[in-house]
Amino acid sequence: MTRAVSARRSVKPSRPAYFLEEQIGFILRQVWQRHATIFAREIGINLTPTQWAALAKLTETGPCSQNQLGRLTAMDVATIKGVIDRLTARGLTETGPDPEDGRRLLVSLTRAGRQLAEKAIPNAHAITKETLAPLDARERETLVALLSKLR
């Protein structure tokens, strides 16, 4: 065996400079995929996570402009418009003039939207509980605190 062939065989491959599985974006995406699977299985009604966010926030705040609702739910203008259009088509939200500013429309829950949101709240709590189930109480608090710092 020549010296060059022997040298090639004894050289171990160097550690790659980048491991996808160690990257925060990849880990967060995997966690999101797990949570989305739990959400779809447990929400109990035909809603997407963004639709649920809009319903939940309207339940919390009452009527507000579509723009404000988008900010409150961390959705861009196009996304919140599509979400509200779909919820309105299902009879869960409606828009009407703002009594304080006739140029602005307010989004509000319909009676059906309020009932659906109230029905889904226990399921939403169960989704959070199952998503965080692998962690003990202290780890859950720490995770939420750390993720909140990254917002």
# chains A, B, ... in the order shown; residues from 1 in each chain; ligands from 1
$ select_by_dssp --residues "segment 98-147 of chain A" --states "helix (DSSP H, G or I)" --output "PyMOL selection string"
chain A and resi 111-131+137-147
$ select_by_dssp --residues "chain A" --states "strand (DSSP E or B)" --output "PyMOL selection string"
chain A and resi 64-65+93-98+101-109
$ write_last_selection --atoms "all heavy atoms" --output "compact mmCIF listing (two decimals), in the first residue's frame"
# COMPACT_ATOMS: atom_id res chain seq x y z
N CYS A 64 -62.74 45.17 17.46
CA CYS A 64 -61.60 46.03 17.18
C CYS A 64 -61.38 46.06 15.67
O CYS A 64 -61.95 45.26 14.93
CB CYS A 64 -60.34 45.58 17.91
SG CYS A 64 -59.67 44.00 17.43
N SER A 65 -60.59 47.00 15.22
CA SER A 65 -60.32 47.08 13.78
C SER A 65 -59.52 45.86 13.33
O SER A 65 -58.83 45.23 14.13
CB SER A 65 -59.54 48.36 13.45
OG SER A 65 -58.20 48.26 13.90
N THR A 93 -67.66 35.82 12.47
CA THR A 93 -67.34 37.23 12.70
C THR A 93 -68.15 38.08 11.74
O THR A 93 -68.69 37.58 10.74
CB THR A 93 -65.83 37.54 12.49
OG1 THR A 93 -65.46 37.20 11.15
CG2 THR A 93 -64.96 36.80 13.49
N GLU A 94 -68.22 39.36 12.06
CA GLU A 94 -68.88 40.32 11.18
C GLU A 94 -68.16 41.64 11.32
O GLU A 94 -67.44 41.87 12.29
CB GLU A 94 -70.36 40.46 11.54
CG GLU A 94 -70.61 40.93 12.96
CD GLU A 94 -72.07 40.84 13.38
OE1 GLU A 94 -72.89 40.37 12.58
OE2 GLU A 94 -72.36 41.23 14.53
N THR A 95 -68.33 42.49 10.34
CA THR A 95 -67.73 43.82 10.40
C THR A 95 -68.85 44.85 10.35
O THR A 95 -69.91 44.63 9.76
CB THR A 95 -66.75 44.06 9.24
OG1 THR A 95 -67.44 43.85 8.01
CG2 THR A 95 -65.56 43.13 9.32
N GLY A 96 -68.57 45.95 11.01
CA GLY A 96 -69.52 47.05 11.02
C GLY A 96 -68.79 48.34 11.29
O GLY A 96 -67.63 48.33 11.73
N PRO A 97 -69.45 49.47 11.05
CA PRO A 97 -68.78 50.77 11.24
C PRO A 97 -68.44 51.01 12.72
O PRO A 97 -69.18 50.62 13.61
CB PRO A 97 -69.80 51.78 10.73
CG PRO A 97 -71.10 51.07 10.71
CD PRO A 97 -70.81 49.61 10.60
N ASP A 98 -67.32 51.66 12.92
CA ASP A 98 -66.91 52.08 14.26
C ASP A 98 -67.77 53.28 14.65
O ASP A 98 -67.79 54.28 13.94
CB ASP A 98 -65.43 52.46 14.23
CG ASP A 98 -64.86 52.85 15.59
OD1 ASP A 98 -65.65 53.21 16.50
OD2 ASP A 98 -63.63 52.81 15.73
N ASP A 101 -65.64 56.39 14.73
CA ASP A 101 -64.97 56.81 13.49
C ASP A 101 -65.61 56.06 12.33
O ASP A 101 -65.27 54.90 12.06
CB ASP A 101 -63.47 56.51 13.58
CG ASP A 101 -62.69 56.97 12.35
OD1 ASP A 101 -63.32 57.35 11.33
OD2 ASP A 101 -61.44 56.94 12.40
N GLY A 102 -66.54 56.69 11.67
CA GLY A 102 -67.29 56.06 10.60
C GLY A 102 -66.46 55.57 9.43
O GLY A 102 -66.93 54.78 8.61
N ARG A 103 -65.21 56.01 9.33
CA ARG A 103 -64.34 55.57 8.23
C ARG A 103 -63.74 54.20 8.51
O ARG A 103 -63.23 53.54 7.62
CB ARG A 103 -63.20 56.57 8.02
CG ARG A 103 -63.66 57.96 7.64
CD ARG A 103 -62.53 58.94 7.73
NE ARG A 103 -62.12 59.03 9.15
CZ ARG A 103 -61.05 59.68 9.58
NH1 ARG A 103 -60.26 60.30 8.74
NH2 ARG A 103 -60.76 59.72 10.86
N ARG A 104 -63.79 53.78 9.77
CA ARG A 104 -63.14 52.53 10.16
C ARG A 104 -64.20 51.46 10.41
O ARG A 104 -65.27 51.72 10.94
CB ARG A 104 -62.32 52.76 11.42
CG ARG A 104 -61.56 51.53 11.85
CD ARG A 104 -60.57 51.79 12.94
NE ARG A 104 -61.15 52.55 14.03
CZ ARG A 104 -60.46 53.04 15.05
NH1 ARG A 104 -59.17 52.86 15.10
NH2 ARG A 104 -61.05 53.71 16.01
N LEU A 105 -63.85 50.22 10.04
CA LEU A 105 -64.71 49.08 10.31
C LEU A 105 -64.17 48.32 11.52
O LEU A 105 -62.95 48.18 11.68
CB LEU A 105 -64.75 48.13 9.11
CG LEU A 105 -65.45 48.64 7.86
CD1 LEU A 105 -65.32 47.62 6.74
CD2 LEU A 105 -66.91 48.93 8.14
N LEU A 106 -65.09 47.84 12.33
CA LEU A 106 -64.71 47.01 13.46
C LEU A 106 -65.09 45.56 13.17
O LEU A 106 -66.15 45.29 12.59
CB LEU A 106 -65.43 47.47 14.73
CG LEU A 106 -65.08 48.85 15.25
CD1 LEU A 106 -65.87 49.14 16.52
CD2 LEU A 106 -63.58 48.97 15.51
N VAL A 107 -64.25 44.65 13.58
CA VAL A 107 -64.52 43.22 13.49
C VAL A 107 -65.05 42.79 14.85
O VAL A 107 -64.49 43.16 15.89
CB VAL A 107 -63.25 42.42 13.16
CG1 VAL A 107 -63.55 40.93 13.11
CG2 VAL A 107 -62.62 42.90 11.87
N SER A 108 -66.12 42.03 14.85
CA SER A 108 -66.65 41.51 16.11
C SER A 108 -67.13 40.08 15.91
O SER A 108 -67.33 39.62 14.78
CB SER A 108 -67.79 42.39 16.61
OG SER A 108 -68.83 42.45 15.66
N LEU A 109 -67.28 39.39 17.00
CA LEU A 109 -67.81 38.03 16.97
C LEU A 109 -69.32 38.08 16.80
O LEU A 109 -69.99 38.94 17.38
CB LEU A 109 -67.49 37.29 18.27
CG LEU A 109 -66.03 37.00 18.56
CD1 LEU A 109 -65.89 36.42 19.96
CD2 LEU A 109 -65.45 36.05 17.53
$ residues_around --residues "Asn123 of chain A" --least-positions-apart "3" --cutoff "8 Å" --atoms "only C-alpha atoms" --output "list in words"
Glu42, Ile43, Gly44, Lys119, Ala120, Ala126 and Ile127 of chain A
$ residues_around --residues "segment 74-82 of chain A" --least-positions-apart "5" --cutoff "10 Å" --atoms "only C-alpha atoms" --output "compact mmCIF listing (two decimals) with N, CA and C atoms, in the first residue's frame"
# COMPACT_ATOMS: atom_id res chain seq x y z
N THR A 50 -54.48 30.13 13.28
CA THR A 50 -54.65 31.58 13.10
C THR A 50 -56.11 32.00 13.27
N GLN A 51 -57.03 31.17 12.82
CA GLN A 51 -58.45 31.46 13.03
C GLN A 51 -58.77 31.44 14.53
N ALA A 53 -56.70 32.02 16.95
CA ALA A 53 -56.08 33.21 17.56
C ALA A 53 -56.98 34.43 17.41
N ALA A 54 -57.56 34.61 16.23
CA ALA A 54 -58.46 35.75 16.01
C ALA A 54 -59.70 35.65 16.88
N GLN A 66 -59.64 45.55 12.07
CA GLN A 66 -58.90 44.41 11.51
C GLN A 66 -57.40 44.63 11.67
N ASN A 67 -56.97 45.86 11.45
CA ASN A 67 -55.55 46.20 11.58
C ASN A 67 -55.07 45.95 13.01
N GLN A 68 -55.84 46.42 13.99
CA GLN A 68 -55.48 46.21 15.39
C GLN A 68 -55.49 44.73 15.74
N LEU A 69 -56.48 44.00 15.25
CA LEU A 69 -56.56 42.57 15.51
C LEU A 69 -55.33 41.86 14.94
N LEU A 87 -63.57 33.57 8.46
CA LEU A 87 -64.43 33.51 9.63
C LEU A 87 -65.78 34.16 9.36
N THR A 88 -65.77 35.25 8.61
CA THR A 88 -67.02 35.94 8.26
C THR A 88 -67.86 35.06 7.34
$ residues_around --residues "Lys57 of chain A" --least-positions-apart "5" --cutoff "8 Å" --atoms "only C-alpha atoms" --output "ChimeraX atom specification"
/A:62,69,72-73
$ residues_around --residues "His125 of chain A" --least-positions-apart "3" --cutoff "12 Å" --atoms "only C-alpha atoms" --output "ChimeraX atom specification"
/A:38-39,42-43,56,118-122,128-132
